[in-house]
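K.L.:
The structure file run25.cif (mmCIF, C-alpha atoms) is provided below.
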```cif
data_query
#
loop_
_atom_site.label_atom_id
_atom_site.label_comp_id
_atom_site.auth_asym_id
_atom_site.auth_seq_id
_atom_site.Cartn_x
_atom_site.Cartn_y
_atom_site.Cartn_z
CA THR A 16 143.62 97.67 129.58
CA LEU A 17 146.17 94.91 130.04
CA ASP A 18 145.40 91.90 127.86
CA GLY A 19 144.81 89.20 130.45
CA SER A 20 145.01 86.45 127.86
CA LYS A 21 148.74 87.20 127.44
CA TRP A 22 149.85 89.08 130.56
CA THR A 23 149.55 88.79 134.34
CA ALA A 24 150.26 91.71 136.67
CA LYS A 25 151.78 90.70 139.99
CA ASN A 26 149.56 91.76 142.87
CA ASN A 27 150.50 91.91 146.55
CA GLN A 28 153.75 90.06 145.84
CA SER A 29 157.42 90.80 146.35
CA HIS A 30 160.41 89.41 144.49
CA CYS A 31 163.41 87.56 145.76
CA CYS A 32 166.11 88.47 145.45
CA ASP A 33 168.63 91.17 144.66
CA PRO A 34 172.18 90.04 143.66
CA PHE A 35 173.05 89.68 147.35
CA GLY A 36 170.09 87.42 148.20
CA ARG A 37 168.05 90.13 149.95
CA GLU A 38 164.34 90.67 149.47
CA GLU A 39 163.82 93.79 147.35
CA LEU A 40 162.30 97.00 148.73
CA GLU A 41 159.17 97.07 146.57
CA LEU A 42 155.78 95.39 146.83
CA TYR A 43 154.22 94.76 143.43
CA LEU A 44 150.59 95.82 143.06
CA ALA A 45 148.52 95.39 139.90
CA GLU A 46 147.38 99.05 139.92
CA TYR A 47 150.95 100.19 139.24
CA ALA A 48 151.12 98.27 135.95
CA ARG A 49 148.55 99.69 133.56
CA VAL A 50 148.02 100.46 129.89
CA GLU A 51 147.66 104.12 128.89
CA GLU A 52 147.46 105.41 125.31
CA GLY A 53 148.64 102.07 124.00
CA HIS A 54 151.69 101.83 126.27
CA LEU A 55 152.39 99.71 129.31
CA ARG A 56 153.20 102.09 132.16
CA LEU A 57 155.01 100.93 135.28
CA GLN A 58 155.01 103.29 138.26
CA THR A 59 157.13 103.12 141.39
CA MET A 60 156.06 105.12 144.43
CA LEU A 61 157.35 105.84 147.91
CA ASN A 62 154.28 104.34 149.54
CA PRO A 63 154.89 102.23 152.69
CA THR A 64 152.55 99.23 152.40
CA THR A 65 152.24 96.01 154.38
CA GLY A 66 152.46 92.85 152.32
CA PRO A 67 153.52 89.20 152.51
CA SER A 68 157.22 88.59 152.98
CA ARG A 69 158.86 85.80 151.05
CA ASN A 70 160.49 84.81 154.34
CA GLY A 71 157.11 84.24 155.95
CA GLY A 72 154.70 86.55 157.73
CA THR A 73 154.27 90.16 156.66
CA LYS A 74 156.46 93.25 156.49
CA VAL A 75 156.26 96.89 155.48
CA PHE A 76 157.60 97.58 151.98
CA ASN A 77 158.63 101.21 151.53
CA TYR A 78 157.83 101.22 147.82
CA THR A 79 155.04 99.95 145.57
CA SER A 80 155.68 99.20 141.91
CA GLY A 81 154.57 97.29 138.80
CA TRP A 82 155.44 93.92 137.24
CA VAL A 83 153.84 92.05 134.32
CA ASP A 84 154.80 88.71 132.82
CA THR A 85 153.58 86.03 130.42
CA LYS A 86 154.21 83.03 132.69
CA GLY A 87 151.77 80.23 131.87
CA LYS A 88 150.39 82.19 128.89
CA PHE A 89 153.23 82.69 126.43
CA GLU A 90 156.77 81.36 126.19
CA LEU A 91 159.19 80.78 123.36
CA TYR A 92 162.19 78.57 122.73
CA GLN A 93 164.63 80.72 120.77
CA GLY A 94 163.64 83.64 118.56
CA ARG A 95 163.67 87.43 118.56
CA PHE A 96 162.24 89.45 121.46
CA SER A 97 161.87 93.25 121.09
CA ALA A 98 160.21 96.15 122.88
CA ASN A 99 160.16 99.89 122.28
CA VAL A 100 160.82 101.38 125.73
CA SER A 101 161.21 104.74 127.45
CA LEU A 102 163.19 104.63 130.71
CA PRO A 103 163.45 106.89 133.79
CA PRO A 104 166.14 109.60 134.07
CA LYS A 105 169.59 108.52 135.23
CA GLY A 106 169.12 110.62 138.37
CA ALA A 107 166.22 108.41 139.57
CA THR A 108 168.53 106.79 142.11
CA GLY A 109 167.85 103.13 142.76
CA ILE A 110 164.97 102.73 140.30
CA TRP A 111 165.60 99.49 138.41
CA PRO A 112 163.44 98.72 135.34
CA ALA A 113 164.14 95.57 133.36
CA PHE A 114 162.98 93.56 130.34
CA TRP A 115 163.97 89.93 130.77
CA LEU A 116 163.25 86.28 130.03
CA LEU A 117 162.99 83.44 132.53
CA SER A 118 162.21 79.72 132.63
CA ALA A 119 159.07 78.35 134.23
CA ASP A 120 160.29 74.76 133.99
CA TYR A 121 163.79 74.78 135.47
CA CYS A 122 165.16 76.11 138.74
CA TRP A 123 167.14 79.32 138.54
CA PRO A 124 169.61 79.68 136.92
CA THR A 125 169.71 76.25 135.24
CA GLY A 126 166.94 77.30 132.83
CA GLY A 127 168.81 80.47 131.89
CA GLU A 128 167.93 84.12 132.47
CA ILE A 129 168.26 86.58 129.57
CA ASP A 130 168.30 90.21 130.71
CA ILE A 131 167.52 92.10 127.52
CA PHE A 132 168.13 95.27 129.48
CA GLU A 133 168.46 96.45 133.04
CA PHE A 134 168.78 100.11 133.99
CA VAL A 135 169.52 101.38 137.50
CA GLY A 136 169.29 105.10 138.18
CA GLY A 137 172.48 106.38 139.79
CA PHE A 138 174.55 103.34 138.81
CA GLU A 139 178.06 104.35 137.70
CA PRO A 140 178.91 104.98 134.97
CA ARG A 141 175.52 106.66 134.66
CA GLY A 142 173.24 106.54 131.66
CA ARG A 143 174.00 102.97 130.57
CA VAL A 144 171.70 100.02 130.03
CA TYR A 145 173.06 96.56 130.75
CA ALA A 146 172.56 93.23 129.02
CA SER A 147 173.34 89.96 130.80
CA TYR A 148 172.89 86.24 130.56
CA HIS A 149 172.76 84.16 133.76
CA TYR A 150 173.12 80.39 133.70
CA GLY A 151 174.30 77.51 135.85
CA LYS A 152 174.54 73.78 136.40
CA GLU A 153 172.99 73.78 139.89
CA CYS A 154 169.99 75.49 141.43
CA GLY A 155 170.93 78.80 143.04
CA LYS A 156 174.49 78.85 141.68
CA ASP A 157 174.93 81.52 139.01
CA LEU A 158 178.00 81.05 136.82
CA ALA A 159 177.70 84.61 135.46
CA PRO A 160 176.75 86.87 138.40
CA ILE A 161 178.34 90.05 137.01
CA PRO A 162 176.37 92.25 134.52
CA GLY A 163 177.41 91.34 131.00
CA GLN A 164 177.89 94.58 129.10
CA GLY A 165 176.77 98.20 129.34
CA TYR A 166 175.67 100.38 126.44
CA LYS A 167 175.29 104.10 125.84
CA PRO A 168 175.23 105.75 122.40
CA GLY A 169 178.56 107.37 121.69
CA SER A 170 177.04 110.73 120.76
CA SER A 171 174.67 110.99 123.74
CA SER A 172 175.24 113.73 126.29
CA ARG A 173 171.91 113.67 128.14
CA ASP A 174 169.31 111.24 129.39
CA TRP A 175 169.10 109.46 126.05
CA GLN A 176 167.23 106.51 127.58
CA GLU A 177 164.20 108.70 128.34
CA ASP A 178 163.44 108.64 124.60
CA PHE A 179 161.88 105.51 123.13
CA HIS A 180 164.45 102.97 121.90
CA VAL A 181 164.05 99.41 120.65
CA TYR A 182 165.71 96.83 122.91
CA THR A 183 166.17 93.41 121.35
CA VAL A 184 167.64 89.98 121.94
CA GLU A 185 168.10 87.43 119.17
CA TRP A 186 168.41 83.92 120.63
CA SER A 187 169.41 80.97 118.48
CA ALA A 188 170.89 77.54 119.13
CA SER A 189 174.40 79.01 118.97
CA ASP A 190 174.16 82.66 120.07
CA ILE A 191 172.41 85.20 122.29
CA VAL A 192 172.80 88.65 120.74
CA PHE A 193 171.78 91.93 122.41
CA LEU A 194 170.93 95.09 120.45
CA VAL A 195 169.67 98.64 120.96
CA ASP A 196 168.07 100.19 117.87
CA GLU A 197 169.58 97.31 115.86
CA VAL A 198 173.12 98.11 117.10
CA GLU A 199 174.74 94.99 118.55
CA TYR A 200 176.67 95.58 121.76
CA PHE A 201 176.89 92.22 123.51
CA ARG A 202 176.96 88.57 122.48
CA ARG A 203 177.28 85.22 124.21
CA ASP A 204 177.68 81.93 122.33
CA SER A 205 177.45 78.24 123.07
CA SER A 206 181.23 77.92 123.40
CA GLN A 207 181.14 80.37 126.34
CA VAL A 208 177.94 79.52 128.21
CA ILE A 209 175.30 76.85 128.76
CA MET A 210 172.42 77.85 126.52
CA PRO A 211 168.81 77.83 127.80
CA PRO A 212 167.50 74.24 127.64
CA GLY A 213 163.85 75.19 127.12
CA PRO A 214 161.39 78.00 126.45
CA LEU A 215 161.38 81.28 128.39
CA TYR A 216 158.60 83.69 129.30
CA ILE A 217 158.69 87.52 129.26
CA ILE A 218 158.90 89.90 132.22
CA PHE A 219 158.72 93.69 132.48
CA ASP A 220 159.23 95.08 135.96
CA GLN A 221 160.51 98.09 137.87
CA ALA A 222 162.33 97.16 141.09
CA VAL A 223 164.01 99.32 143.73
CA ASP A 224 167.69 98.71 144.51
CA GLN A 225 168.69 98.76 148.16
CA THR A 226 172.47 98.71 147.71
CA PRO A 227 174.15 101.89 148.99
CA PRO A 228 174.73 104.31 147.36
CA LEU A 229 171.96 103.27 144.95
CA ARG A 230 169.25 103.10 147.60
CA PRO A 231 166.71 105.89 146.94
CA ASN A 232 166.92 108.89 149.25
CA GLU A 233 165.18 112.21 149.78
CA LYS A 234 166.81 113.58 146.61
CA SER A 235 165.23 110.85 144.51
CA GLY A 236 161.70 112.21 144.78
CA LYS A 237 158.55 110.40 145.83
CA TYR A 238 157.67 108.52 142.67
CA TYR A 239 159.09 107.38 139.36
CA ASP A 240 157.29 106.76 136.14
CA ASN A 241 158.49 104.41 133.49
CA PRO A 242 156.79 106.44 130.73
CA GLY A 243 155.98 103.45 128.62
CA VAL A 244 156.65 100.18 126.88
CA SER A 245 155.36 99.74 123.34
CA LEU A 246 155.08 96.06 122.43
#
```
Could I get this file's structure written as structure tokens?
P.N.:
Amino acid sequence: TLDGSKWTAKNNQSHCCDPFGREELELYLAEYARVEEGHLRLQTMLNPTTGPSRNGGTKVFNYTSGWVDTKGKFELYQGRFSANVSLPPKGATGIWPAFWLLSADYCWPTGGEIDIFEFVGGFEPRGRVYASYHYGKECGKDLAPIPGQGYKPGSSSRDWQEDFHVYTVEWSASDIVFLVDEVEYFRRDSSQVIMPPGPLYIIFDQAVDQTPPLRPNEKSGKYYDNPGVSL
């Protein structure tokens, strides 16, 4: 079972917002974030469910999914964050798992947001994970809205990300360095960006993108499993 002393699963909550300020398509329910055989498993299903809208009232969310975080239970100022993760196939259009760090003390993005990886099925060029760092001087004004850098092993010719790989960020006073299986592929330093001013907590989630042509369709199937996260 999920260790409640370290992790909280979102339940009957949505997330705001996608890069265009729109409420995402999924409703997070605790039952879709569970531990099986030592791995965290996040599941996204085509499962229309009524839940609270962040804009007030209720609405029908077409998808249910899983989210866990350490907010209020564990956070760290600088250090190394790693997870061994298996991701969905690149053909899982619109499915959007991520491993990221966020501030509980500062408004977004002034506290910094470190996206250790994001993966969106169907995003071109396909089969890449993306690392990003978002920051800003004012609430709601992101000075780095574009994904930072994509990565795909040079020798891969299939859905390499379905295998388990170690995704890491090393965050120091001067640098934020992103790695896959200890291979560095993106770096930001204090001469380029405003570094996080305080500690960040950990999030694993699996969202659903609504941006055409990434929005899931009948070819995407009815559910998507993130096979596991080994922490």
K.L.:
Skip Ile131 of chain A itself and residues of its chain fewer than 4 positions away, then list as number ranges by chain all residues within 6 Å of it, counting only C-alpha atoms.
P.N.:
A: 114-115, 146, 184
K.L.:
Which is closer to Tyr43 of chain A than all the others in A:Gln221, A:Thr108, A:Gln93, A:Thr16, using all atoms listed in the file?
P.N.:
A:Gln221
K.L.:
To test your reading of the syntax: which residues would the PyMOL selection byres ((chain A and resi 116) around 12) return for the file shown? Reply as a PDB file with C-alpha atoms, keeping the file's coordinate frame.
P.N.:
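Listing of selection13.pdb after writing:
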```
ATOM      1  CA  VAL A  83     153.840  92.050 134.320  1.00  0.00           C
ATOM      2  CA  ASP A  84     154.800  88.710 132.820  1.00  0.00           C
ATOM      3  CA  THR A  85     153.580  86.030 130.420  1.00  0.00           C
ATOM      4  CA  LYS A  86     154.210  83.030 132.690  1.00  0.00           C
ATOM      5  CA  PHE A  89     153.230  82.690 126.430  1.00  0.00           C
ATOM      6  CA  GLU A  90     156.770  81.360 126.190  1.00  0.00           C
ATOM      7  CA  LEU A  91     159.190  80.780 123.360  1.00  0.00           C
ATOM      8  CA  TYR A  92     162.190  78.570 122.730  1.00  0.00           C
ATOM      9  CA  GLN A  93     164.630  80.720 120.770  1.00  0.00           C
ATOM     10  CA  GLY A  94     163.640  83.640 118.560  1.00  0.00           C
ATOM     11  CA  ARG A  95     163.670  87.430 118.560  1.00  0.00           C
ATOM     12  CA  PHE A  96     162.240  89.450 121.460  1.00  0.00           C
ATOM     13  CA  SER A  97     161.870  93.250 121.090  1.00  0.00           C
ATOM     14  CA  ALA A 113     164.140  95.570 133.360  1.00  0.00           C
ATOM     15  CA  PHE A 114     162.980  93.560 130.340  1.00  0.00           C
ATOM     16  CA  TRP A 115     163.970  89.930 130.770  1.00  0.00           C
ATOM     17  CA  LEU A 117     162.990  83.440 132.530  1.00  0.00           C
ATOM     18  CA  SER A 118     162.210  79.720 132.630  1.00  0.00           C
ATOM     19  CA  ALA A 119     159.070  78.350 134.230  1.00  0.00           C
ATOM     20  CA  TRP A 123     167.140  79.320 138.540  1.00  0.00           C
ATOM     21  CA  PRO A 124     169.610  79.680 136.920  1.00  0.00           C
ATOM     22  CA  GLY A 126     166.940  77.300 132.830  1.00  0.00           C
ATOM     23  CA  GLY A 127     168.810  80.470 131.890  1.00  0.00           C
ATOM     24  CA  GLU A 128     167.930  84.120 132.470  1.00  0.00           C
ATOM     25  CA  ILE A 129     168.260  86.580 129.570  1.00  0.00           C
ATOM     26  CA  ASP A 130     168.300  90.210 130.710  1.00  0.00           C
ATOM     27  CA  ILE A 131     167.520  92.100 127.520  1.00  0.00           C
ATOM     28  CA  PHE A 132     168.130  95.270 129.480  1.00  0.00           C
ATOM     29  CA  GLU A 133     168.460  96.450 133.040  1.00  0.00           C
ATOM     30  CA  ALA A 146     172.560  93.230 129.020  1.00  0.00           C
ATOM     31  CA  SER A 147     173.340  89.960 130.800  1.00  0.00           C
ATOM     32  CA  TYR A 148     172.890  86.240 130.560  1.00  0.00           C
ATOM     33  CA  HIS A 149     172.760  84.160 133.760  1.00  0.00           C
ATOM     34  CA  THR A 183     166.170  93.410 121.350  1.00  0.00           C
ATOM     35  CA  VAL A 184     167.640  89.980 121.940  1.00  0.00           C
ATOM     36  CA  GLU A 185     168.100  87.430 119.170  1.00  0.00           C
ATOM     37  CA  TRP A 186     168.410  83.920 120.630  1.00  0.00           C
ATOM     38  CA  PRO A 211     168.810  77.830 127.800  1.00  0.00           C
ATOM     39  CA  GLY A 213     163.850  75.190 127.120  1.00  0.00           C
ATOM     40  CA  PRO A 214     161.390  78.000 126.450  1.00  0.00           C
ATOM     41  CA  LEU A 215     161.380  81.280 128.390  1.00  0.00           C
ATOM     42  CA  TYR A 216     158.600  83.690 129.300  1.00  0.00           C
ATOM     43  CA  ILE A 217     158.690  87.520 129.260  1.00  0.00           C
ATOM     44  CA  ILE A 218     158.900  89.900 132.220  1.00  0.00           C
ATOM     45  CA  PHE A 219     158.720  93.690 132.480  1.00  0.00           C
ATOM     46  CA  ASP A 220     159.230  95.080 135.960  1.00  0.00           C
TER      47      ASP A 220
END
```
K.L.:
Determine, counting only C-alpha atoms, which protein, DNA and RNA residues have an atom within 9 Å of an atom of Lys152 of chain A; residues of the same chain fewer than 3 positions away are not included. Present the result as a short mmCIF file (atom, residue, chain, number, x, y, z; two decimals) with C-alpha atoms, in the coordinates of the input.
P.N.:
```
data_model
loop_
_atom_site.label_atom_id
_atom_site.label_comp_id
_atom_site.auth_asym_id
_atom_site.auth_seq_id
_atom_site.Cartn_x
_atom_site.Cartn_y
_atom_site.Cartn_z
CA PRO A 124 169.61 79.68 136.92
CA THR A 125 169.71 76.25 135.24
CA LYS A 156 174.49 78.85 141.68
CA ASP A 157 174.93 81.52 139.01
CA LEU A 158 178.00 81.05 136.82
CA ILE A 209 175.30 76.85 128.76
#
```
K.L.:
Check the smallest atom-to-atom distance from each of A:Glu39, A:Asp178, A:Glu46, A:Glu51 to Asn77 of chain A using all atoms listed in the file, then report the winner.
P.N.:
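Ranked by minimum distance to Asn77 of chain A, first place goes to A:Glu39.
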K.L.:
Give me segment 126-137 of chain A with all heavy atoms filled in, as a PDB file, in the coordinates of the input.
P.N.:
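Ended up saving to result_19.pdb:
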```pdb
ATOM      1  N   GLY A 126     167.738  77.082 134.024  1.00  0.00           N
ATOM      2  CA  GLY A 126     166.940  77.300 132.830  1.00  0.00           C
ATOM      3  C   GLY A 126     167.370  78.493 132.021  1.00  0.00           C
ATOM      4  O   GLY A 126     166.859  78.727 130.927  1.00  0.00           O
ATOM      5  N   GLY A 127     168.333  79.265 132.562  1.00  0.00           N
ATOM      6  CA  GLY A 127     168.810  80.470 131.890  1.00  0.00           C
ATOM      7  C   GLY A 127     167.963  81.681 132.239  1.00  0.00           C
ATOM      8  O   GLY A 127     166.753  81.566 132.491  1.00  0.00           O
ATOM      9  N   GLU A 128     168.600  82.835 132.310  1.00  0.00           N
ATOM     10  CA  GLU A 128     167.930  84.120 132.470  1.00  0.00           C
ATOM     11  C   GLU A 128     168.552  85.099 131.496  1.00  0.00           C
ATOM     12  O   GLU A 128     169.751  85.384 131.590  1.00  0.00           O
ATOM     13  CB  GLU A 128     168.051  84.656 133.893  1.00  0.00           C
ATOM     14  CG  GLU A 128     167.465  86.068 134.049  1.00  0.00           C
ATOM     15  CD  GLU A 128     167.733  86.664 135.428  1.00  0.00           C
ATOM     16  OE1 GLU A 128     167.719  85.912 136.423  1.00  0.00           O
ATOM     17  OE2 GLU A 128     167.973  87.890 135.505  1.00  0.00           O
ATOM     18  N   ILE A 129     167.769  85.604 130.556  1.00  0.00           N
ATOM     19  CA  ILE A 129     168.260  86.580 129.570  1.00  0.00           C
ATOM     20  C   ILE A 129     167.747  87.947 129.973  1.00  0.00           C
ATOM     21  O   ILE A 129     166.541  88.209 129.929  1.00  0.00           O
ATOM     22  CB  ILE A 129     167.792  86.222 128.151  1.00  0.00           C
ATOM     23  CG1 ILE A 129     168.312  84.838 127.734  1.00  0.00           C
ATOM     24  CG2 ILE A 129     168.259  87.287 127.160  1.00  0.00           C
ATOM     25  CD1 ILE A 129     167.812  84.365 126.376  1.00  0.00           C
ATOM     26  N   ASP A 130     168.657  88.831 130.376  1.00  0.00           N
ATOM     27  CA  ASP A 130     168.300  90.210 130.710  1.00  0.00           C
ATOM     28  C   ASP A 130     168.511  91.074 129.480  1.00  0.00           C
ATOM     29  O   ASP A 130     169.641  91.476 129.180  1.00  0.00           O
ATOM     30  CB  ASP A 130     169.151  90.712 131.880  1.00  0.00           C
ATOM     31  CG  ASP A 130     168.926  89.923 133.155  1.00  0.00           C
ATOM     32  OD1 ASP A 130     167.800  89.414 133.335  1.00  0.00           O
ATOM     33  OD2 ASP A 130     169.858  89.813 133.971  1.00  0.00           O
ATOM     34  N   ILE A 131     167.435  91.330 128.759  1.00  0.00           N
ATOM     35  CA  ILE A 131     167.520  92.100 127.520  1.00  0.00           C
ATOM     36  C   ILE A 131     167.988  93.514 127.823  1.00  0.00           C
ATOM     37  O   ILE A 131     168.789  94.084 127.088  1.00  0.00           O
ATOM     38  CB  ILE A 131     166.187  92.076 126.775  1.00  0.00           C
ATOM     39  CG1 ILE A 131     165.790  90.622 126.486  1.00  0.00           C
ATOM     40  CG2 ILE A 131     166.251  92.891 125.481  1.00  0.00           C
ATOM     41  CD1 ILE A 131     164.396  90.443 125.946  1.00  0.00           C
ATOM     42  N   PHE A 132     167.484  94.086 128.904  1.00  0.00           N
ATOM     43  CA  PHE A 132     168.130  95.270 129.480  1.00  0.00           C
ATOM     44  C   PHE A 132     167.786  95.359 130.955  1.00  0.00           C
ATOM     45  O   PHE A 132     166.733  94.908 131.406  1.00  0.00           O
ATOM     46  CB  PHE A 132     167.756  96.571 128.756  1.00  0.00           C
ATOM     47  CG  PHE A 132     166.388  97.114 129.108  1.00  0.00           C
ATOM     48  CD1 PHE A 132     166.125  97.698 130.348  1.00  0.00           C
ATOM     49  CD2 PHE A 132     165.355  97.054 128.190  1.00  0.00           C
ATOM     50  CE1 PHE A 132     164.864  98.186 130.663  1.00  0.00           C
ATOM     51  CE2 PHE A 132     164.091  97.537 128.501  1.00  0.00           C
ATOM     52  CZ  PHE A 132     163.852  98.102 129.748  1.00  0.00           C
ATOM     53  N   GLU A 133     168.708  95.945 131.698  1.00  0.00           N
ATOM     54  CA  GLU A 133     168.460  96.450 133.040  1.00  0.00           C
ATOM     55  C   GLU A 133     169.007  97.866 133.080  1.00  0.00           C
ATOM     56  O   GLU A 133     170.018  98.171 132.455  1.00  0.00           O
ATOM     57  CB  GLU A 133     169.175  95.610 134.100  1.00  0.00           C
ATOM     58  CG  GLU A 133     168.669  94.190 134.228  1.00  0.00           C
ATOM     59  CD  GLU A 133     169.440  93.427 135.285  1.00  0.00           C
ATOM     60  OE1 GLU A 133     170.528  92.913 134.939  1.00  0.00           O
ATOM     61  OE2 GLU A 133     168.979  93.348 136.427  1.00  0.00           O
ATOM     62  N   PHE A 134     168.327  98.734 133.824  1.00  0.00           N
ATOM     63  CA  PHE A 134     168.780 100.110 133.990  1.00  0.00           C
ATOM     64  C   PHE A 134     168.572 100.493 135.449  1.00  0.00           C
ATOM     65  O   PHE A 134     167.477 100.329 135.979  1.00  0.00           O
ATOM     66  CB  PHE A 134     167.991 101.063 133.080  1.00  0.00           C
ATOM     67  CG  PHE A 134     168.360 102.505 133.265  1.00  0.00           C
ATOM     68  CD1 PHE A 134     169.467 103.039 132.640  1.00  0.00           C
ATOM     69  CD2 PHE A 134     167.591 103.338 134.066  1.00  0.00           C
ATOM     70  CE1 PHE A 134     169.821 104.367 132.814  1.00  0.00           C
ATOM     71  CE2 PHE A 134     167.920 104.669 134.243  1.00  0.00           C
ATOM     72  CZ  PHE A 134     169.043 105.193 133.615  1.00  0.00           C
ATOM     73  N   VAL A 135     169.636 100.961 136.100  1.00  0.00           N
ATOM     74  CA  VAL A 135     169.520 101.380 137.500  1.00  0.00           C
ATOM     75  C   VAL A 135     169.924 102.842 137.600  1.00  0.00           C
ATOM     76  O   VAL A 135     171.069 103.205 137.304  1.00  0.00           O
ATOM     77  CB  VAL A 135     170.408 100.528 138.427  1.00  0.00           C
ATOM     78  CG1 VAL A 135     170.217 100.975 139.882  1.00  0.00           C
ATOM     79  CG2 VAL A 135     170.069  99.046 138.290  1.00  0.00           C
ATOM     80  N   GLY A 136     168.981 103.690 138.003  1.00  0.00           N
ATOM     81  CA  GLY A 136     169.290 105.100 138.180  1.00  0.00           C
ATOM     82  C   GLY A 136     170.370 105.299 139.218  1.00  0.00           C
ATOM     83  O   GLY A 136     170.330 104.715 140.295  1.00  0.00           O
ATOM     84  N   GLY A 137     171.382 106.105 138.879  1.00  0.00           N
ATOM     85  CA  GLY A 137     172.480 106.380 139.790  1.00  0.00           C
ATOM     86  C   GLY A 137     173.640 105.431 139.691  1.00  0.00           C
ATOM     87  O   GLY A 137     174.699 105.670 140.272  1.00  0.00           O
TER      88      GLY A 137
END
```
